[in-house]
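Engineer: Got a file for you: structure11.csv, CSV, C-alpha atoms.
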chain,number,residue,atom,x,y,z
A,491,MET,CA,-75.6,-37.0,12.7
A,492,VAL,CA,-75.1,-33.8,10.8
A,493,VAL,CA,-72.2,-32.8,13.0
A,494,LEU,CA,-70.5,-36.1,12.2
A,495,GLN,CA,-70.9,-35.5,8.5
A,496,LEU,CA,-69.4,-32.0,8.8
A,497,GLN,CA,-66.5,-33.3,10.8
A,498,PHE,CA,-66.0,-35.9,8.2
A,499,LEU,CA,-65.9,-33.3,5.5
A,500,LEU,CA,-63.7,-30.8,7.3
A,501,VAL,CA,-60.9,-33.1,8.3
A,502,PRO,CA,-59.7,-33.9,4.7
A,503,PHE,CA,-60.2,-30.2,3.7
A,504,LEU,CA,-58.1,-29.0,6.6
A,505,THR,CA,-55.5,-31.7,5.9
A,506,SER,CA,-55.2,-30.5,2.3
A,507,ILE,CA,-54.9,-26.9,3.3
A,508,MET,CA,-52.1,-27.7,5.8
A,509,GLY,CA,-50.3,-29.7,3.1
A,510,ALA,CA,-50.5,-26.8,0.6
A,511,ALA,CA,-49.2,-24.4,3.3
A,512,GLN,CA,-46.3,-26.7,4.0
A,513,TYR,CA,-45.5,-26.8,0.3
A,514,ILE,CA,-45.7,-23.0,0.1
A,515,MET,CA,-43.3,-22.6,3.0
A,516,GLN,CA,-40.9,-25.0,1.3
A,517,ASP,CA,-41.1,-23.0,-1.9
A,518,VAL,CA,-40.5,-19.7,-0.1
A,519,ALA,CA,-37.5,-21.2,1.6
A,520,LEU,CA,-36.2,-22.5,-1.7
A,521,MET,CA,-36.7,-19.1,-3.3
A,522,ASN,CA,-34.9,-17.4,-0.5
A,523,TYR,CA,-32.0,-19.9,-0.9
A,524,ILE,CA,-31.9,-19.3,-4.6
A,525,ASP,CA,-32.0,-15.5,-4.1
A,526,ARG,CA,-29.1,-15.7,-1.7
A,527,ARG,CA,-27.1,-17.8,-4.1
A,528,PHE,CA,-27.7,-15.4,-6.9
A,529,LEU,CA,-26.7,-12.5,-4.7
A,530,SER,CA,-23.5,-14.3,-3.8
A,531,LEU,CA,-22.8,-15.1,-7.5
A,532,GLU,CA,-23.5,-11.5,-8.5
A,533,LYS,CA,-21.1,-10.2,-5.8
A,534,ARG,CA,-18.4,-12.6,-7.0
A,535,LEU,CA,-19.0,-11.6,-10.6
A,536,GLU,CA,-18.8,-8.0,-9.7
A,537,LYS,CA,-15.5,-8.6,-7.8
A,538,CYS,CA,-14.2,-10.6,-10.7
A,539,ASN,CA,-15.0,-7.7,-13.1
A,540,GLN,CA,-13.3,-5.3,-10.7
A,541,ASP,CA,-10.2,-7.5,-10.5
A,542,ILE,CA,-10.1,-7.8,-14.3
A,543,LEU,CA,-10.2,-4.0,-14.7
A,544,GLU,CA,-7.4,-3.7,-12.2
A,545,TYR,CA,-5.3,-6.3,-14.0
A,546,VAL,CA,-6.0,-4.6,-17.3
A,547,GLU,CA,-4.9,-1.2,-15.9
A,548,GLU,CA,-1.8,-2.7,-14.3
A,549,PHE,CA,-0.9,-4.4,-17.6
A,550,ARG,CA,-1.3,-1.2,-19.4
A,551,ASP,CA,1.1,0.6,-17.0
A,552,PHE,CA,3.6,-2.2,-17.3
A,553,SER,CA,3.4,-2.1,-21.1
A,554,LYS,CA,4.0,1.7,-21.1
A,555,MET,CA,7.0,1.2,-18.8
A,556,ALA,CA,8.4,-1.7,-20.9
A,557,LEU,CA,8.0,0.3,-24.1
A,558,SER,CA,9.7,3.3,-22.5
A,559,ARG,CA,12.6,1.1,-21.3
A,560,LEU,CA,12.9,-0.5,-24.8
A,561,ALA,CA,13.0,2.9,-26.4
A,562,GLY,CA,15.8,4.0,-24.0
A,563,LEU,CA,17.7,0.8,-24.8
A,564,ASN,CA,17.5,1.5,-28.6
A,565,ASN,CA,18.8,5.0,-28.0
A,566,TYR,CA,21.8,3.8,-26.1
A,567,LYS,CA,22.5,0.7,-28.2
A,568,ALA,CA,24.9,2.5,-30.6
A,569,GLU,CA,26.7,4.2,-27.7
A,570,ILE,CA,27.2,1.0,-25.8
A,571,LYS,CA,28.4,-0.8,-29.0
A,572,SER,CA,30.9,2.0,-29.6
A,573,GLU,CA,32.1,1.9,-26.0
A,574,VAL,CA,32.5,-1.9,-26.1
A,575,GLU,CA,34.4,-1.8,-29.4
A,576,ASN,CA,36.7,0.8,-28.0
A,577,LEU,CA,37.2,-1.2,-24.8
A,578,LEU,CA,38.1,-4.3,-26.9
A,579,ARG,CA,40.7,-2.3,-28.8
A,580,ARG,CA,42.2,-1.1,-25.5
A,581,ILE,CA,42.3,-4.6,-24.1
A,582,GLU,CA,44.0,-5.9,-27.2
A,583,ARG,CA,46.6,-3.1,-26.9
A,584,ALA,CA,47.1,-3.8,-23.2
A,585,GLN,CA,47.5,-7.5,-24.0
A,586,ARG,CA,50.2,-6.8,-26.5
A,587,ASP,CA,52.0,-4.6,-24.0
A,588,ILE,CA,51.8,-7.4,-21.3
A,589,ASP,CA,53.1,-9.9,-23.8
A,590,TYR,CA,56.0,-7.6,-24.6
A,591,PHE,CA,56.9,-6.9,-21.0
A,592,GLY,CA,56.6,-10.6,-20.2
A,593,SER,CA,59.1,-11.4,-22.9
A,594,VAL,CA,61.6,-8.9,-21.5
A,595,THR,CA,61.4,-9.8,-17.8
A,596,ASP,CA,61.3,-13.6,-18.0
A,597,SER,CA,64.4,-15.9,-17.5
A,598,ASN,CA,67.0,-16.3,-20.2
A,599,THR,CA,65.9,-19.9,-20.8
A,600,CYS,CA,63.0,-18.6,-22.9
A,601,VAL,CA,64.9,-16.0,-25.0
A,602,GLU,CA,63.9,-17.7,-28.2
A,603,VAL,CA,60.3,-17.5,-27.2
A,604,HIS,CA,60.7,-13.9,-26.2
A,605,GLU,CA,62.2,-13.0,-29.5
A,606,ASP,CA,59.2,-14.6,-31.2
A,607,LEU,CA,56.8,-12.6,-29.1
A,608,VAL,CA,58.7,-9.4,-29.9
A,609,LYS,CA,58.6,-10.3,-33.6
A,610,GLN,CA,54.9,-11.0,-33.4
A,611,GLN,CA,54.4,-7.6,-31.6
A,612,LEU,CA,56.4,-5.8,-34.3
A,613,PHE,CA,54.4,-7.5,-37.0
A,614,GLU,CA,51.1,-6.6,-35.4
A,615,GLU,CA,52.2,-3.0,-34.9
A,616,ALA,CA,53.2,-2.9,-38.6
A,617,GLU,CA,49.9,-4.3,-39.6
A,618,GLU,CA,48.1,-1.8,-37.4
A,619,LYS,CA,50.0,1.1,-39.1
A,620,LYS,CA,49.0,-0.3,-42.5
A,621,LYS,CA,45.3,-0.3,-41.4
A,622,LEU,CA,45.7,3.3,-40.0
A,623,LYS,CA,47.2,4.5,-43.2
A,624,LEU,CA,44.3,3.0,-45.1
A,625,MET,CA,41.8,4.7,-42.7
A,626,LEU,CA,43.7,8.0,-42.7
A,627,ASN,CA,45.1,9.9,-45.6
A,628,ALA,CA,48.8,9.1,-45.3
A,629,SER,CA,49.6,11.5,-48.1
A,630,CYS,CA,48.9,14.4,-45.7
A,631,ASP,CA,52.6,15.1,-45.2
A,632,HIS,CA,52.9,18.7,-44.1
A,633,MET,CA,53.7,19.9,-40.6
A,634,LEU,CA,53.7,23.2,-38.8
A,635,ALA,CA,57.0,25.2,-39.1
A,636,GLY,CA,56.0,28.5,-37.6
A,637,ILE,CA,53.2,31.0,-36.9
A,638,LYS,CA,53.6,33.9,-39.3
A,639,SER,CA,51.2,36.6,-38.2
A,640,LEU,CA,48.0,37.3,-36.3
A,641,LYS,CA,44.9,39.4,-37.0
A,642,ILE,CA,42.5,40.4,-34.2
A,643,VAL,CA,39.2,40.3,-36.1
A,644,LYS,CA,36.9,41.5,-33.3
A,645,LYS,CA,36.6,41.8,-29.5
A,646,THR,CA,33.3,40.6,-28.3
A,647,GLY,CA,31.8,38.3,-25.7
A,648,ASP,CA,33.2,36.7,-22.5
A,649,LYS,CA,36.7,35.8,-21.6
A,650,HIS,CA,36.0,32.2,-22.7
A,651,GLY,CA,34.3,31.2,-26.0
A,652,SER,CA,34.8,29.8,-29.4
A,653,TRP,CA,34.3,31.1,-33.0
A,654,MET,CA,34.8,29.1,-36.2
A,655,LYS,CA,34.0,28.5,-39.9
A,656,ASP,CA,32.7,25.2,-41.3
A,657,PRO,CA,35.6,23.7,-43.3
A,658,GLY,CA,33.3,21.0,-44.7
A,659,LYS,CA,31.1,23.6,-46.5
A,660,LYS,CA,31.7,26.1,-49.3
A,661,HIS,CA,29.8,29.0,-47.7
A,662,THR,CA,31.6,31.8,-45.8
A,663,LYS,CA,29.4,31.7,-42.6
A,664,ILE,CA,30.9,32.6,-39.2
A,665,TYR,CA,29.7,30.9,-36.0
A,666,LEU,CA,30.0,32.5,-32.6
A,667,LEU,CA,29.6,30.4,-29.4
A,668,ASN,CA,30.0,32.7,-26.3
A,669,GLY,CA,30.9,31.4,-22.9
A,670,SER,CA,31.8,28.0,-21.4
A,671,VAL,CA,28.2,27.1,-20.7
A,672,ASN,CA,25.5,28.3,-23.1
A,673,ASN,CA,23.0,27.0,-25.6
A,674,VAL,CA,22.8,29.8,-28.2
A,675,ILE,CA,24.8,29.9,-31.5
A,676,PHE,CA,25.1,33.1,-33.5
A,677,GLU,CA,25.4,32.5,-37.2
A,678,PHE,CA,26.7,35.3,-39.5
A,679,ALA,CA,26.5,35.4,-43.3
A,680,ASN,CA,30.2,36.3,-43.6
A,681,ILE,CA,33.1,37.7,-41.7
A,682,MET,CA,32.3,41.3,-42.7
A,683,THR,CA,28.8,41.0,-41.1
A,684,PHE,CA,30.5,39.5,-38.0
A,685,MET,CA,32.9,42.5,-37.8
A,686,GLU,CA,30.1,45.1,-37.7
A,687,SER,CA,29.5,46.9,-34.4
A,688,ASN,CA,25.8,45.7,-34.2
A,689,HIS,CA,26.7,42.3,-35.5
A,690,THR,CA,24.3,40.3,-33.2
A,691,LEU,CA,21.3,42.1,-34.7
A,692,LYS,CA,22.1,40.6,-38.1
A,693,ALA,CA,22.9,37.1,-36.8
A,694,ARG,CA,20.7,34.1,-37.0
A,695,LYS,CA,20.2,32.6,-33.5
A,696,VAL,CA,20.1,28.9,-33.1
A,697,THR,CA,19.0,27.5,-29.7
A,698,LEU,CA,20.3,24.1,-28.7
A,699,PRO,CA,18.1,21.6,-26.7
A,700,PHE,CA,21.0,21.1,-24.3
A,701,PRO,CA,23.8,23.6,-23.4
A,702,TRP,CA,27.4,22.9,-24.1
A,703,GLU,CA,30.2,22.5,-21.6
A,704,GLY,CA,33.7,24.1,-22.1
A,705,THR,CA,34.8,25.6,-25.4
A,706,GLY,CA,35.9,22.5,-27.3
A,707,HIS,CA,33.0,22.4,-29.8
A,708,ILE,CA,33.4,22.2,-33.6
A,709,ILE,CA,31.3,22.7,-36.7
A,710,TYR,CA,31.8,20.3,-39.6
A,711,GLN,CA,29.6,19.7,-42.7
A,712,GLY,CA,26.6,21.5,-41.2
A,713,PHE,CA,26.7,19.8,-37.8
A,714,LEU,CA,27.8,21.1,-34.4
A,715,PHE,CA,29.6,18.5,-32.3
A,716,TYR,CA,29.8,19.4,-28.7
A,717,HIS,CA,30.2,18.1,-25.1
A,718,ARG,CA,26.8,18.2,-23.4
A,719,TYR,CA,26.7,20.2,-20.1
A,720,GLY,CA,26.1,18.0,-17.1
A,721,SER,CA,27.2,14.8,-18.7
A,722,LEU,CA,30.5,13.1,-18.0
A,723,ASN,CA,31.5,12.4,-21.6
A,724,GLU,CA,28.5,12.6,-23.9
A,725,ILE,CA,29.1,14.2,-27.3
A,726,ILE,CA,26.1,15.4,-29.3
A,727,LYS,CA,25.8,15.8,-33.1
A,728,PHE,CA,23.4,18.6,-33.9
A,729,ASN,CA,22.0,19.6,-37.3
A,730,ILE,CA,22.3,23.4,-37.4
A,731,GLN,CA,20.0,23.9,-40.4
A,732,LYS,CA,17.2,21.6,-39.1
A,733,ARG,CA,17.8,22.4,-35.5
A,734,ASN,CA,17.6,18.9,-34.1
A,735,ILE,CA,19.9,16.3,-32.6
A,736,ILE,CA,21.0,13.7,-35.1
A,737,ASP,CA,23.2,11.4,-33.0
A,738,LYS,CA,25.2,11.2,-29.8
A,739,MET,CA,28.0,9.0,-28.3
A,740,LEU,CA,29.9,8.4,-25.1
A,741,LEU,CA,33.7,9.0,-25.3
A,742,PRO,CA,35.3,6.3,-23.1
A,743,GLY,CA,37.7,7.6,-20.4
A,744,ALA,CA,37.0,11.2,-21.0
A,745,GLY,CA,35.4,13.9,-18.8
A,746,ARG,CA,37.0,13.2,-15.4
A,747,ILE,CA,39.8,15.8,-15.6
A,748,PRO,CA,40.3,18.9,-17.8
A,749,ALA,CA,41.9,18.4,-21.2
A,750,TYR,CA,44.2,21.3,-20.4
A,751,GLN,CA,45.1,22.5,-16.9
A,752,LEU,CA,44.8,26.2,-17.8
A,753,SER,CA,41.4,25.7,-19.4
A,754,PRO,CA,39.6,23.8,-16.6
A,755,SER,CA,36.1,24.2,-18.1
A,756,THR,CA,37.0,22.1,-21.2
A,757,LYS,CA,37.0,18.4,-20.5
A,758,ILE,CA,36.6,17.3,-24.1
A,759,ASP,CA,38.1,19.3,-27.0
A,760,LEU,CA,36.8,18.4,-30.4
A,761,ALA,CA,39.0,19.2,-33.5
A,762,ILE,CA,38.9,19.0,-37.3
A,763,ASP,CA,41.8,18.5,-39.7
A,764,GLU,CA,42.2,17.0,-43.2
A,765,GLN,CA,41.1,13.6,-41.8
A,766,GLY,CA,37.9,14.7,-40.2
A,767,LEU,CA,36.8,14.7,-36.5
A,768,TRP,CA,39.0,14.1,-33.5
A,769,ALA,CA,38.5,14.3,-29.7
A,770,ILE,CA,41.2,15.5,-27.3
A,771,HIS,CA,41.1,14.8,-23.6
A,772,ALA,CA,43.3,13.8,-20.6
A,773,GLU,CA,43.1,10.8,-18.3
A,774,PRO,CA,44.3,10.4,-14.7
A,775,GLU,CA,45.5,6.9,-15.5
A,776,THR,CA,48.1,8.4,-17.9
A,777,GLY,CA,49.4,10.9,-15.4
A,778,GLY,CA,47.5,13.7,-17.0
A,779,ASN,CA,48.9,13.0,-20.5
A,780,ILE,CA,46.7,13.8,-23.4
A,781,VAL,CA,44.7,11.1,-25.3
A,782,ILE,CA,43.5,11.6,-28.9
A,783,THR,CA,40.7,9.7,-30.5
A,784,LYS,CA,39.7,9.5,-34.1
A,785,ILE,CA,35.9,9.6,-34.5
A,786,ASN,CA,33.8,8.8,-37.6
A,787,HIS,CA,31.8,12.0,-37.9
A,788,ILE,CA,29.0,10.1,-39.8
A,789,THR,CA,28.5,7.1,-37.5
A,790,MET,CA,29.8,8.7,-34.3
A,791,ALA,CA,31.9,5.6,-33.7
A,792,VAL,CA,35.4,5.5,-32.3
A,793,GLU,CA,37.9,4.5,-35.0
A,794,HIS,CA,41.2,4.5,-33.0
A,795,THR,CA,42.7,5.9,-29.8
A,796,TRP,CA,46.3,7.1,-29.1
A,797,ASP,CA,48.0,7.7,-25.7
A,798,THR,CA,50.4,10.6,-26.3
A,799,SER,CA,53.4,11.8,-24.4
A,800,CYS,CA,52.1,15.4,-24.2
A,801,ASN,CA,51.1,16.4,-20.7
A,802,SER,CA,48.1,18.6,-19.9
A,803,LYS,CA,50.0,20.5,-17.1
A,804,ASP,CA,50.3,24.2,-18.0
A,805,ALA,CA,48.5,23.4,-21.3
A,806,GLU,CA,45.8,25.9,-22.4
A,807,ALA,CA,44.7,24.5,-25.8
A,808,ALA,CA,45.6,22.1,-28.6
A,809,PHE,CA,44.6,21.4,-32.2
A,810,MET,CA,45.0,18.7,-34.9
A,811,ALA,CA,46.6,19.3,-38.3
A,812,CYS,CA,47.5,16.6,-40.8
A,813,ASN,CA,47.3,13.7,-38.3
A,814,THR,CA,49.4,15.6,-35.8
A,815,LEU,CA,48.6,16.9,-32.4
A,816,TYR,CA,50.0,20.3,-31.4
A,817,VAL,CA,49.7,21.3,-27.7
A,818,VAL,CA,49.8,24.9,-26.7
A,819,TYR,CA,51.3,25.8,-23.3
A,820,ASN,CA,51.4,29.0,-21.3
A,821,TYR,CA,51.9,30.4,-17.8
A,822,PRO,CA,49.1,30.4,-15.2
A,823,SER,CA,49.1,34.2,-15.0
A,824,GLY,CA,49.2,34.5,-18.8
A,825,GLY,CA,52.1,35.2,-21.2
A,826,THR,CA,53.4,34.2,-24.6
A,827,SER,CA,51.7,31.1,-25.8
A,828,ARG,CA,53.9,28.4,-27.3
A,829,ILE,CA,53.8,25.0,-28.9
A,830,GLN,CA,56.3,22.7,-27.3
A,831,CYS,CA,54.8,19.2,-27.6
A,832,VAL,CA,53.9,17.5,-30.9
A,833,TYR,CA,52.5,14.0,-31.5
A,834,ASP,CA,52.2,12.4,-34.9
A,835,VAL,CA,50.0,9.3,-35.1
A,836,PHE,CA,52.3,7.7,-37.6
A,837,GLY,CA,55.5,8.6,-35.8
A,838,ALA,CA,56.6,10.8,-38.7
A,839,VAL,CA,57.4,13.8,-36.4
A,840,ASN,CA,59.7,13.6,-33.4
A,841,THR,CA,58.7,16.2,-30.8
A,842,HIS,CA,62.2,16.4,-29.4
A,843,GLU,CA,63.6,17.5,-32.8
A,844,ILE,CA,61.1,20.4,-33.2
A,845,PRO,CA,61.9,23.8,-31.8
A,846,VAL,CA,59.4,25.6,-29.5
A,847,LEU,CA,57.0,27.6,-31.7
A,848,HIS,CA,55.9,30.9,-30.1
A,849,PHE,CA,52.7,32.8,-30.9
A,850,PRO,CA,53.6,36.3,-32.2
A,851,LYS,CA,53.0,39.8,-30.7
A,852,ARG,CA,50.6,38.9,-28.0
A,853,GLN,CA,50.6,38.5,-24.2
A,854,GLY,CA,47.6,36.7,-22.7
A,855,SER,CA,45.9,33.3,-22.9
A,856,HIS,CA,43.7,31.3,-25.2
A,857,SER,CA,40.5,29.4,-24.3
A,858,THR,CA,40.2,27.9,-27.8
A,859,ILE,CA,42.4,27.3,-30.8
A,860,HIS,CA,40.9,25.6,-33.9
A,861,TYR,CA,42.7,24.6,-37.1
A,862,ASN,CA,40.8,25.2,-40.4
A,863,PRO,CA,42.1,22.7,-42.9
A,864,LYS,CA,40.5,24.4,-45.8
A,865,GLU,CA,42.2,27.8,-45.2
A,866,LYS,CA,45.3,26.4,-43.4
A,867,GLN,CA,45.0,28.9,-40.5
A,868,LEU,CA,44.1,28.9,-36.8
A,869,LEU,CA,41.0,30.6,-35.4
A,870,ALA,CA,41.5,31.4,-31.7
A,871,TRP,CA,39.6,33.0,-28.8
A,872,GLY,CA,41.9,34.9,-26.5
A,873,ASP,CA,40.6,36.9,-23.5
A,874,GLY,CA,37.4,37.8,-25.4
A,875,SER,CA,39.2,38.6,-28.7
A,876,GLN,CA,38.6,36.6,-31.9
A,877,ILE,CA,42.0,36.0,-33.6
A,878,ILE,CA,43.2,34.5,-36.9
A,879,TYR,CA,46.8,33.1,-37.0
A,880,LYS,CA,48.4,32.4,-40.4
A,881,LEU,CA,50.7,29.4,-40.5
A,882,HIS,CA,54.0,28.5,-42.1
A,883,THR,CA,54.3,24.8,-43.0
A,884,LYS,CA,56.9,22.4,-44.3
A,885,GLN,CA,57.2,18.8,-45.4
A,886,LYS,CA,57.4,16.1,-42.8
A,887,VAL,CA,60.8,14.4,-42.6
Show me, as structure tokens, the structure contained in the file I just sent.
Structural biologist:
Amino acid sequence: MVVLQLQFLLVPFLTSIMGAAQYIMQDVALMNYIDRRFLSLEKRLEKCNQDILEYVEEFRDFSKMALSRLAGLNNYKAEIKSEVENLLRRIERAQRDIDYFGSVTDSNTCVEVHEDLVKQQLFEEAEEKKKLKLMLNASCDHMLAGIKSLKIVKKTGDKHGSWMKDPGKKHTKIYLLNGSVNNVIFEFANIMTFMESNHTLKARKVTLPFPWEGTGHIIYQGFLFYHRYGSLNEIIKFNIQKRNIIDKMLLPGAGRIPAYQLSPSTKIDLAIDEQGLWAIHAEPETGGNIVITKINHITMAVEHTWDTSCNSKDAEAAFMACNTLYVVYNYPSGGTSRIQCVYDVFGAVNTHEIPVLHFPKRQGSHSTIHYNPKEKQLLAWGDGSQIIYKLHTKQKV
């Protein structure tokens, strides 16, 4: 009887224990499931965070690259604008030439139309000359009649080089730029200091960030304008006092062949006259003829370009004076330099009516000849000698 009572009591007790154990097992399984889910979510969140960090880093790199590219575009915006404007001028000039040749070669049935085209072309050329006279000082009416004398100031430096004054300033400083590739300017207080035997010890040295190429650089109103070495046709405007680059430009068409056959290192020759800054170069498309370009020295923009009839063959140098190009020729082995081609932008001077002008009392060659409009004289570099030529001028016809 007792056994039956114990059996009766144990059965519900064991049943309840087994039920509780079953619930515990289910809870453990649920906890394991939840734990696995949380681990999976944590791994996904960790991967998401890692992806976000990678995306942020990639975006930062892209931003840096984009800002760098935009900065480069800003630097070249003025150069591209200048080149496009000059290209448009050349296209307009070529179009006028095409219209003119078309009017000459077509059949006689269109003679009246051809005459209208010629009249239109003549009218446009007259208007262009009016604009040029407004841009340039048309009252500059003197021309070179002869070279009176020379003075060898000093003999220093390499065979090729350049020396000059600044015609846009009142000071008497002398600048020496030695060699056809260099990046150091020597600045002297005056010509007497320059002529001293230990002159470089008293000079102020100015180092350029980029070297020059050739000897066709020029100094005007406190700025050095020069062709950057290693570039095809980049012209740099450098502030000598502050020692930094102010501006730069590309000269369309220049830099492919030397400006002068006898001075092969000079691809772009920069010049100053009464009108300001000019660039002289030669192009293969013109058969080696010299091209002159008027440049605004403040904005570094091309104002106008002229294709001249002066050839670069056997030329050693050239200079601008009063809107007129004077090209200096010589012999490959050296000899007496002579001016035998002249081009006036207004057509006021006929090169065929001008006698050949010889440089006096000297055999050799020139690597540079610069005109100083303030003192009306030439500063030349000939075989390592620094020379001054005094000029004789007359009125243009």
Engineer: Would you work out the distance separating CA of Leu868 (chain A) from CA of Lys880 (chain A), expressed in Å to one decimal?
Structural biologist: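 So the two atoms, CA of Leu868 (chain A) and CA of Lys880 (chain A), lie 6.6 Å apart.
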Engineer: Pick the closest to Val832 (chain A) from A:Leu634, A:Cys538, A:Lys659, A:Thr858: which is it, counting only C-alpha atoms?
Structural biologist: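 Residue with the minimum atom-to-atom distance to Val832 (chain A): A:Leu634.
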Engineer: For Pro845 (chain A), find every residue with an atom within 9 Å (counting only C-alpha atoms), except residues of its own chain fewer than 2 positions away, and show them as a ChimeraX atom specification.
Structural biologist: /A:635,829-830,841-843,847
Engineer: Distance CA of Val887 (chain A)-CA of Ala811 (chain A), one decimal place?
Structural biologist: 15.6 Å
Engineer: Report, in Å to a single decimal, how far apart CA of Lys757 (chain A) and CA of Trp702 (chain A) are.
Structural biologist: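 It comes out at 11.2 Å.
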Engineer: Would you please work out which residue, of A:Asp804, A:Glu775, A:Glu703, A:Glu547, is nearest to Ser755 (chain A) when using all atoms listed in the file?
Structural biologist: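 Nearest to Ser755 (chain A): A:Glu703.
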Engineer: May I have the protein, DNA and RNA residues with any atom at most 8 Å from the point (43.1, 8.9, -30.6), counting all atoms listed in the file, written as JSON, numbers by chain?
Structural biologist: {"A": [768, 769, 770, 781, 782, 783, 784, 794, 795, 796, 797]}
Engineer: Quick one: of A:Thr798, A:Asn786, A:Ser753, A:Asn688, who's nearest to Asn820 (chain A), counting all atoms listed in the file?
Structural biologist: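 So, comparing all the options, the nearest one is A:Ser753.
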Engineer: Give me the residues near Asp759 (chain A) as a list in words, where near means some atom within 10 Å (using only C-alpha atoms) and where sequence neighbours in that chain fewer than 6 positions away do not count.
Structural biologist: Gly704, Thr705, Gly706, His707, Ile708, Tyr716, His717, Pro748, Ala749, Tyr750, Trp768, Ala769, Ile770, His771, Ala772, Ile782, Ala807, Ala808, Phe809, Thr858, Ile859 and His860 of chain A
Engineer: For Gly824 (chain A), which of A:Ala556, A:Val574, A:Ala805, A:Ile747 is the closest residue, counting only C-alpha atoms?
Structural biologist: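 Using only C-alpha atoms, Gly824 (chain A) sits closest to A:Ala805.
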Engineer: Neighbours of Arg746 (chain A) within 8 Å (all atoms listed in the file; same-chain residues fewer than 4 positions away dropped), as a PDB file with C-alpha atoms, in the frame of the given file?
Structural biologist:
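For reference, result.pdb as written:
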ATOM      1  CA  LEU A 722      30.500  13.100 -18.000  1.00  0.00           C
ATOM      2  CA  LYS A 757      37.000  18.400 -20.500  1.00  0.00           C
ATOM      3  CA  GLU A 773      43.100  10.800 -18.300  1.00  0.00           C
ATOM      4  CA  PRO A 774      44.300  10.400 -14.700  1.00  0.00           C
TER       5      PRO A 774
END
Engineer: Which residue is closest to Met810 (chain A)? Choose from A:Pro850, A:Pro701, A:Gly647, A:Pro863 and count all atoms listed in the file.
Structural biologist: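 Result for the nearest residue to Met810 (chain A): A:Pro863.
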Engineer: Restricting the calculation to all atoms listed in the file, which member of A:Ile735, A:Leu666, A:Val696, A:Cys630 is positioned closest to Ala838 (chain A)?
Structural biologist: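 So, comparing all the options, the nearest one is A:Cys630.
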Engineer: What's the 9 Å shell around His661 (chain A), counting all atoms listed in the file, without same-chain residues fewer than 6 positions away, as a list of chain:residue names?
Structural biologist: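 So the residues in contact are A:Lys655, A:Ala679, A:Asn680.
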Engineer: Within 8 Å of Leu698 (chain A), counting only C-alpha atoms, which residues qualify if same-chain residues fewer than 4 places away don't, as a PyMOL selection string?
Structural biologist: chain A and resi 673-675+733-734
